[in-house]
Amino acid sequence: MKIFLVGMPGSGKTTLGRQLAKAVQLAFVDLDSEIEKSEGKTIPNIFQEQGEAHFRTVESKALKHWALSQDQFVLATGGGAPCFHDGMSIIKQNGVCVFLDVPVHEILRRIGVQEGRPLLGSSDLAEREKKLNALYDQRIACYREAHIVLENASVSDVIAAINAL
């Protein structure tokens with residue numbers, strides 16, 4: 001089984017993904033970490049030095065690599081991975097896609113002014129909230145194409161939803 005977790009930056013894909021992988025005894029893969037390893041740079045450095053278009057191309061290649069692999073895993077995508085280069089179709093054709101739908105105000109509470117999130121830029125909370133809302137509005141239609149949509153999900157919620165498919 002391949003389980004892909006999608007959602008906004010700060011929605012808990014990595015945190016919940018690690019817990020879920022342990023619970024269902026599968027490997028855990030963080031797509032952003034895989035990209036950083038392969039590129040030898042952090043995500044913010046890739047954005048700064050080579051731009052978002054380059055990052056999205058690299059992200060798409062990494063997503064396809066994992067989606068087409070024979071491995072079984074829980075994979076936390078980057079927030080934009082399903083929304084670029086036909087990512088959602090690739091995900092849905094190769095595994096179970098779970099959208100972790102978390103309200104923007106909760107995401108903002110979780111990440112605050114944490115650095116390392118290139119699309120959120122500003123350290124001003126009001127500006128970050130504005131950017132998060134715009135990003136959510138841009139991506140929500142894509143995210144809602146997931147096989148499973150869960151609000152403020154726990155590991156047991158994800159497992160129950162997958163078993164119900």
# chains A, B, ... in the order shown; residues from 1 in each chain; ligands from 1
$ residues_around --residues "His105 (chain A)" --least-positions-apart "6" --cutoff "12 Å" --atoms "only C-alpha atoms" --output "JSON, numbers by chain"
{"A": [8, 10, 11, 111, 112, 125, 126, 128, 129, 130, 131, 132, 133, 136]}
$ write_last_selection --atoms "N, CA and C atoms" --output "PDB file, in the first residue's frame"
ATOM      1  N   MET A   8      -1.966  21.667   3.113  1.00  0.00           N
ATOM      2  CA  MET A   8      -1.252  22.933   3.226  1.00  0.00           C
ATOM      3  C   MET A   8       0.042  22.767   4.023  1.00  0.00           C
ATOM      4  N   GLY A  10       2.221  23.066   7.026  1.00  0.00           N
ATOM      5  CA  GLY A  10       1.834  23.164   8.427  1.00  0.00           C
ATOM      6  C   GLY A  10       0.582  22.396   8.795  1.00  0.00           C
ATOM      7  N   SER A  11       0.045  21.605   7.856  1.00  0.00           N
ATOM      8  CA  SER A  11      -1.192  20.854   8.142  1.00  0.00           C
ATOM      9  C   SER A  11      -0.930  19.562   8.908  1.00  0.00           C
ATOM     10  N   ILE A 111       2.606  27.044  12.987  1.00  0.00           N
ATOM     11  CA  ILE A 111       3.900  27.424  12.391  1.00  0.00           C
ATOM     12  C   ILE A 111       4.347  28.827  12.763  1.00  0.00           C
ATOM     13  N   GLY A 112       3.434  29.672  13.210  1.00  0.00           N
ATOM     14  CA  GLY A 112       3.805  31.033  13.596  1.00  0.00           C
ATOM     15  C   GLY A 112       4.638  31.707  12.526  1.00  0.00           C
ATOM     16  N   LEU A 125       2.870  38.141  11.237  1.00  0.00           N
ATOM     17  CA  LEU A 125       1.779  37.156  11.321  1.00  0.00           C
ATOM     18  C   LEU A 125       0.583  37.518  10.447  1.00  0.00           C
ATOM     19  N   ALA A 126       0.213  38.782  10.409  1.00  0.00           N
ATOM     20  CA  ALA A 126      -0.941  39.194   9.593  1.00  0.00           C
ATOM     21  C   ALA A 126      -0.661  38.948   8.109  1.00  0.00           C
ATOM     22  N   ARG A 128       1.466  36.724   6.912  1.00  0.00           N
ATOM     23  CA  ARG A 128       1.491  35.269   6.742  1.00  0.00           C
ATOM     24  C   ARG A 128       0.077  34.711   6.616  1.00  0.00           C
ATOM     25  N   GLU A 129      -0.826  35.212   7.450  1.00  0.00           N
ATOM     26  CA  GLU A 129      -2.204  34.738   7.392  1.00  0.00           C
ATOM     27  C   GLU A 129      -2.821  35.060   6.034  1.00  0.00           C
ATOM     28  N   LYS A 130      -2.557  36.239   5.536  1.00  0.00           N
ATOM     29  CA  LYS A 130      -3.055  36.641   4.221  1.00  0.00           C
ATOM     30  C   LYS A 130      -2.511  35.708   3.136  1.00  0.00           C
ATOM     31  N   LYS A 131      -1.211  35.414   3.186  1.00  0.00           N
ATOM     32  CA  LYS A 131      -0.589  34.519   2.201  1.00  0.00           C
ATOM     33  C   LYS A 131      -1.134  33.101   2.316  1.00  0.00           C
ATOM     34  N   LEU A 132      -1.306  32.633   3.541  1.00  0.00           N
ATOM     35  CA  LEU A 132      -1.860  31.288   3.745  1.00  0.00           C
ATOM     36  C   LEU A 132      -3.284  31.184   3.196  1.00  0.00           C
ATOM     37  N   ASN A 133      -4.097  32.194   3.444  1.00  0.00           N
ATOM     38  CA  ASN A 133      -5.470  32.193   2.919  1.00  0.00           C
ATOM     39  C   ASN A 133      -5.475  32.166   1.393  1.00  0.00           C
ATOM     40  N   TYR A 136      -4.377  28.693   0.266  1.00  0.00           N
ATOM     41  CA  TYR A 136      -5.466  27.748   0.502  1.00  0.00           C
ATOM     42  C   TYR A 136      -6.515  27.879  -0.607  1.00  0.00           C
TER      43      TYR A 136
END
$ select_by_dssp --residues "chain A" --states "alpha helix (DSSP H)" --output "VMD selection string"
chain A and resid 13 to 24 31 to 39 43 to 68 87 to 94 104 to 111 125 to 143 155 to 163
$ atom_distance --atom1 "CA of Val149 (chain A)" --atom2 "CA of Val58 (chain A)"
26.5 Å
$ residues_around --residues "Ser60 (chain A)" --least-positions-apart "2" --cutoff "12 Å" --atoms "only C-alpha atoms" --output "count of residues only"
30
$ closest_residue --among "A:Ile148, A:Gln72, A:Gly12, A:Gln25" --to "Glu106 (chain A)" --atoms "only C-alpha atoms"
A:Gly12
$ residues_around --residues "Ser154 (chain A)" --least-positions-apart "6" --cutoff "10 Å" --atoms "only C-alpha atoms" --output "short mmCIF file (atom, residue, chain, number, x, y, z; two decimals) with C-alpha atoms, in the first residue's frame"
data_model
loop_
_atom_site.label_atom_id
_atom_site.label_comp_id
_atom_site.auth_asym_id
_atom_site.auth_seq_id
_atom_site.Cartn_x
_atom_site.Cartn_y
_atom_site.Cartn_z
CA GLY A 12 0.64 18.02 9.87
CA LEU A 16 0.94 12.63 11.31
CA GLN A 19 2.86 8.37 13.40
CA LEU A 20 0.71 6.72 10.72
CA LEU A 100 -5.46 16.72 5.79
CA ALA A 160 -10.48 4.12 9.70
#
$ closest_residue --among "A:Asp157, A:Asp137, A:Asp124, A:Glu59" --to "Ile43 (chain A)" --atoms "only C-alpha atoms"
A:Glu59
$ select_by_dssp --residues "chain A" --states "strand (DSSP E)" --output "list in words"
Lys2, Ile3, Phe4, Leu5, Val6, Ala27, Phe28, Val29, Asp30, Phe73, Val74, Leu75, Ala76, Val96, Cys97, Val98, Phe99, Leu100, Asp101, Ile148, Val149, Leu150 and Glu151 of chain A
$ atom_distance --atom1 "CA of Ile3 (chain A)" --atom2 "CA of Thr42 (chain A)"
24.6 Å
$ atom_distance --atom1 "CA of Asp30 (chain A)" --atom2 "CA of Gly7 (chain A)"
13.2 Å
$ closest_residue --among "A:Glu49, A:Lys61, A:His147, A:Phe28" --to "Lys13 (chain A)" --atoms "only C-alpha atoms"
A:Phe28
$ closest_residue --among "A:Leu68, A:Cys97, A:Val29, A:Val74" --to "Ala161 (chain A)" --atoms "only C-alpha atoms"
A:Cys97
